[in-house]
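Peer 1: Got a structure for you, written out below as structure tokens; questions coming shortly.
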Amino acid sequence: MDELMKEILGEDWIIFNYTANIAGYGGTPQFIHQDQGFVTKLLEFPVIGQAIFCLDDFKMENGATHVIPGSHLIIRDGFKVSDLPEEIAAEAPAGTILITDGRLAHGTGQNITQNKRFALL
């Protein structure tokens, strides 16, 4: 994990937040957003990285995180929404750690199964 975060953020990265994500049956999908969206200017480098620890299998049906591939490189001043590719579900088996750049557009999908889907972030 340390080596991956160093590649994204540089040598002096720190953990600033630790939380859980639980996708329950029938929940509303999370709006697509960037974790780095709080930065007032669209930067060409990440100031946030995220690690999603998949405690359960991440599948389209159980609310896998949806991502817009390449959005961390596309969303800049003056970009058009039409420039973005379609969002996809980041499906992964339990035990996977998904590492993302803070500029990647993403959001929790809708869980249509009867089981909760758990992740640590």
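Ordering of the structure tokens sets the chain letters (A, B, ...), residue numbers begin anew at 1 in every chain, and ligands are numbered from 1 in the order given.
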Give me every helix (DSSP H, G or I) residue in chain A, going by DSSP on the backbone, as a PyMOL selection string.
Peer 2: chain A and resi 2-9+35-38+71-74+81-83
Peer 1: Residues of the last selection are to be written out with C-alpha atoms, as a compact mmCIF listing (two decimals), in the first residue's frame.
Peer 2:
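Written output follows (again37.txt):
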```
# COMPACT_ATOMS: atom_id res chain seq x y z
CA ASP A 2 2.78 2.42 0.91
CA GLU A 3 4.50 1.96 -2.44
CA LEU A 4 1.26 2.45 -4.40
CA MET A 5 0.36 5.64 -2.54
CA LYS A 6 3.89 6.97 -3.03
CA GLU A 7 3.41 6.50 -6.78
CA ILE A 8 0.18 8.51 -6.69
CA LEU A 9 0.95 11.17 -4.08
CA ASP A 35 -12.83 12.94 -3.89
CA GLN A 36 -10.51 15.78 -4.85
CA GLY A 37 -13.53 17.90 -5.81
CA PHE A 38 -13.11 20.13 -2.75
CA SER A 71 -11.73 10.85 -15.92
CA HIS A 72 -8.77 11.80 -13.71
CA LEU A 73 -6.97 12.85 -16.90
CA ILE A 74 -9.97 14.32 -18.77
CA VAL A 81 -19.27 16.15 -20.05
CA SER A 82 -19.56 14.68 -23.55
CA ASP A 83 -15.76 14.16 -23.44
```
Peer 1: Hey, what's within 10 Å of Asp77 in chain A if we count only C-alpha atoms and toss same-chain stuff fewer than 5 positions away? As a VMD selection string, please?
Peer 2: chain A and resid 41 to 44
Peer 1: Would you put the residues from that selection into a file with all heavy atoms, as a compact mmCIF listing (two decimals), in the first residue's frame?
Peer 2:
```txt
# COMPACT_ATOMS: atom_id res chain seq x y z
N LYS A 41 -9.52 24.65 -7.58
CA LYS A 41 -9.01 24.68 -8.95
C LYS A 41 -8.78 23.25 -9.40
O LYS A 41 -8.31 22.42 -8.64
CB LYS A 41 -7.70 25.47 -9.01
CG LYS A 41 -7.14 25.58 -10.40
CD LYS A 41 -5.87 26.38 -10.45
CE LYS A 41 -5.43 26.42 -11.89
NZ LYS A 41 -4.11 26.81 -12.12
N LEU A 42 -9.12 22.96 -10.66
CA LEU A 42 -8.87 21.62 -11.19
C LEU A 42 -7.37 21.45 -11.42
O LEU A 42 -6.81 22.04 -12.34
CB LEU A 42 -9.66 21.42 -12.48
CG LEU A 42 -11.17 21.42 -12.33
CD1 LEU A 42 -11.86 21.36 -13.70
CD2 LEU A 42 -11.63 20.27 -11.46
N LEU A 43 -6.76 20.68 -10.57
CA LEU A 43 -5.31 20.49 -10.63
C LEU A 43 -4.95 19.37 -11.59
O LEU A 43 -5.73 18.45 -11.81
CB LEU A 43 -4.76 20.17 -9.24
CG LEU A 43 -5.00 21.23 -8.17
CD1 LEU A 43 -4.52 20.72 -6.81
CD2 LEU A 43 -4.30 22.53 -8.52
N GLU A 44 -3.75 19.44 -12.14
CA GLU A 44 -3.28 18.41 -13.05
C GLU A 44 -2.50 17.32 -12.33
O GLU A 44 -1.84 16.51 -12.95
CB GLU A 44 -2.44 19.04 -14.16
CG GLU A 44 -3.28 19.93 -15.06
CD GLU A 44 -2.51 20.41 -16.28
OE1 GLU A 44 -1.44 19.86 -16.58
OE2 GLU A 44 -3.00 21.34 -16.94
```
Peer 1: List every residue of range 24-115 of chain A that DSSP, applied to the backbone of this structure, assigns to strand (DSSP E or B), and report them as an MDAnalysis selection string.
Peer 2: chainID A and resid 25 33 49:54 58 62 65:67 88:89 92 97:101 106:108 111
Peer 1: Any chance you could export the current selection's N, CA and C atoms as a compact mmCIF listing (two decimals), in the first residue's frame?
Peer 2:
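Below you can see part-v2.txt, which holds the result:
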```txt
# COMPACT_ATOMS: atom_id res chain seq x y z
N TYR A 25 -29.65 -3.14 0.30
CA TYR A 25 -30.67 -3.41 -0.70
C TYR A 25 -31.53 -2.17 -0.96
N HIS A 33 -18.79 11.57 -8.37
CA HIS A 33 -18.05 12.70 -7.82
C HIS A 33 -16.55 12.41 -7.86
N GLY A 49 -5.51 10.25 -2.69
CA GLY A 49 -5.60 8.91 -3.25
C GLY A 49 -6.57 8.14 -2.37
N GLN A 50 -7.20 7.12 -2.90
CA GLN A 50 -8.15 6.34 -2.11
C GLN A 50 -7.85 4.87 -2.27
N ALA A 51 -7.99 4.14 -1.16
CA ALA A 51 -7.90 2.69 -1.18
C ALA A 51 -9.25 2.13 -0.76
N ILE A 52 -9.84 1.32 -1.60
CA ILE A 52 -11.12 0.68 -1.29
C ILE A 52 -10.83 -0.79 -1.04
N PHE A 53 -11.02 -1.21 0.20
CA PHE A 53 -10.80 -2.60 0.58
C PHE A 53 -12.13 -3.35 0.39
N CYS A 54 -12.18 -4.23 -0.59
CA CYS A 54 -13.41 -4.97 -0.90
C CYS A 54 -13.56 -6.12 0.09
N PHE A 58 -17.28 -7.35 -5.24
CA PHE A 58 -17.88 -6.14 -5.82
C PHE A 58 -18.44 -6.55 -7.18
N ASN A 62 -24.55 -5.82 -6.66
CA ASN A 62 -24.53 -5.51 -5.23
C ASN A 62 -23.92 -4.14 -4.91
N THR A 65 -18.55 -0.11 -6.83
CA THR A 65 -18.21 1.27 -7.15
C THR A 65 -18.22 1.45 -8.67
N HIS A 66 -18.87 2.51 -9.12
CA HIS A 66 -18.87 2.85 -10.54
C HIS A 66 -17.78 3.90 -10.77
N VAL A 67 -17.05 3.75 -11.84
CA VAL A 67 -15.98 4.69 -12.18
C VAL A 67 -16.14 5.15 -13.62
N ILE A 88 -18.46 2.60 -15.66
CA ILE A 88 -18.47 1.14 -15.57
C ILE A 88 -18.43 0.75 -14.10
N ALA A 89 -18.86 -0.47 -13.81
CA ALA A 89 -18.77 -1.00 -12.45
C ALA A 89 -17.36 -1.58 -12.27
N ALA A 92 -14.81 -6.67 -8.63
CA ALA A 92 -13.59 -7.26 -8.08
C ALA A 92 -13.97 -8.28 -7.02
N ILE A 97 -7.99 -4.75 -3.24
CA ILE A 97 -7.87 -3.34 -2.84
C ILE A 97 -7.84 -2.52 -4.13
N LEU A 98 -8.85 -1.67 -4.30
CA LEU A 98 -8.90 -0.78 -5.45
C LEU A 98 -8.22 0.54 -5.05
N ILE A 99 -7.22 0.94 -5.78
CA ILE A 99 -6.49 2.19 -5.51
C ILE A 99 -6.88 3.19 -6.58
N THR A 100 -7.32 4.39 -6.15
CA THR A 100 -7.73 5.39 -7.13
C THR A 100 -7.05 6.73 -6.87
N ASP A 101 -6.89 7.46 -7.93
CA ASP A 101 -6.43 8.84 -7.93
C ASP A 101 -7.62 9.69 -7.48
N HIS A 106 -16.25 8.83 -9.61
CA HIS A 106 -16.76 7.54 -9.16
C HIS A 106 -17.94 7.71 -8.20
N GLY A 107 -18.58 6.62 -7.86
CA GLY A 107 -19.67 6.62 -6.89
C GLY A 107 -20.16 5.20 -6.65
N THR A 108 -20.74 4.96 -5.49
CA THR A 108 -21.28 3.65 -5.16
C THR A 108 -22.48 3.34 -6.05
N ASN A 111 -27.40 -1.37 -5.03
CA ASN A 111 -27.44 -2.78 -4.64
C ASN A 111 -28.87 -3.29 -4.85
```
Peer 1: What's around Gln114 in chain A at 12 Å? Count only C-alpha atoms, leave out sequence neighbours fewer than 3 positions away in its own chain, and write the answer as a list of chain:residue names.
Peer 2: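 Residues meeting the cut-off are A:Ala23, A:Gly24, A:Tyr25, A:Gly26, A:Gly27, A:Glu61, A:Asn62, A:Gly63, A:Gln110, A:Asn111, A:Arg117.
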Peer 1: Got a sec: who's within 9 Å of Asp57 in chain A, counting only C-alpha atoms, leaving out chain neighbours fewer than 6 positions off, as a VMD selection string?
Peer 2: chain A and resid 64 91 to 96 117 to 118
Peer 1: Save out the residues we just selected, all heavy atoms, as a short mmCIF file (atom, residue, chain, number, x, y, z; two decimals), in the first residue's frame.
Peer 2:
```cif
data_model
loop_
_atom_site.label_atom_id
_atom_site.label_comp_id
_atom_site.auth_asym_id
_atom_site.auth_seq_id
_atom_site.Cartn_x
_atom_site.Cartn_y
_atom_site.Cartn_z
N ALA A 64 -21.33 -2.37 -6.65
CA ALA A 64 -19.91 -2.11 -6.90
C ALA A 64 -19.70 -0.62 -7.21
O ALA A 64 -20.58 0.03 -7.77
CB ALA A 64 -19.41 -2.94 -8.08
N GLU A 91 -15.83 -4.11 -10.87
CA GLU A 91 -16.09 -5.41 -10.26
C GLU A 91 -14.77 -6.05 -9.83
O GLU A 91 -13.78 -5.98 -10.55
CB GLU A 91 -16.84 -6.31 -11.24
CG GLU A 91 -18.23 -5.77 -11.56
CD GLU A 91 -19.07 -6.71 -12.40
OE1 GLU A 91 -18.57 -7.18 -13.45
OE2 GLU A 91 -20.20 -6.98 -11.99
N ALA A 92 -14.81 -6.67 -8.63
CA ALA A 92 -13.59 -7.26 -8.08
C ALA A 92 -13.97 -8.28 -7.02
O ALA A 92 -14.99 -8.11 -6.33
CB ALA A 92 -12.71 -6.17 -7.46
N PRO A 93 -13.16 -9.33 -6.85
CA PRO A 93 -13.46 -10.30 -5.80
C PRO A 93 -13.12 -9.75 -4.40
O PRO A 93 -12.29 -8.84 -4.26
CB PRO A 93 -12.56 -11.49 -6.15
CG PRO A 93 -11.44 -10.91 -6.94
CD PRO A 93 -12.02 -9.71 -7.67
N ALA A 94 -13.78 -10.30 -3.40
CA ALA A 94 -13.48 -9.95 -2.01
C ALA A 94 -11.98 -10.12 -1.78
O ALA A 94 -11.35 -11.04 -2.30
CB ALA A 94 -14.26 -10.84 -1.06
N GLY A 95 -11.39 -9.19 -1.03
CA GLY A 95 -9.96 -9.23 -0.76
C GLY A 95 -9.16 -8.30 -1.65
O GLY A 95 -8.00 -8.03 -1.40
N THR A 96 -9.79 -7.78 -2.69
CA THR A 96 -9.14 -6.84 -3.60
C THR A 96 -9.05 -5.46 -2.95
O THR A 96 -9.95 -5.07 -2.20
CB THR A 96 -9.94 -6.73 -4.92
OG1 THR A 96 -10.00 -8.01 -5.54
CG2 THR A 96 -9.32 -5.72 -5.88
N ARG A 117 -23.41 -5.07 0.93
CA ARG A 117 -22.06 -5.16 0.38
C ARG A 117 -21.17 -4.23 1.19
O ARG A 117 -21.46 -3.06 1.35
CB ARG A 117 -22.07 -4.78 -1.10
CG ARG A 117 -20.82 -5.16 -1.86
CD ARG A 117 -19.77 -4.07 -1.94
NE ARG A 117 -20.28 -2.82 -2.48
CZ ARG A 117 -20.04 -1.64 -1.90
NH1 ARG A 117 -19.36 -1.53 -0.78
NH2 ARG A 117 -20.51 -0.53 -2.45
N PHE A 118 -20.07 -4.75 1.75
CA PHE A 118 -19.23 -4.00 2.68
C PHE A 118 -17.86 -3.67 2.08
O PHE A 118 -17.27 -4.48 1.36
CB PHE A 118 -18.97 -4.80 3.96
CG PHE A 118 -20.21 -5.04 4.78
CD1 PHE A 118 -21.01 -6.15 4.57
CD2 PHE A 118 -20.58 -4.13 5.76
CE1 PHE A 118 -22.15 -6.37 5.32
CE2 PHE A 118 -21.72 -4.34 6.52
CZ PHE A 118 -22.51 -5.45 6.30
#
```
Peer 1: Pick from A:Val39, A:Ala20, A:Leu84, A:Ala90: nearest to Gly109 in chain A, with only C-alpha atoms counted?
Peer 2: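 Checking each candidate against Gly109 in chain A, we get A:Ala90 as the closest.
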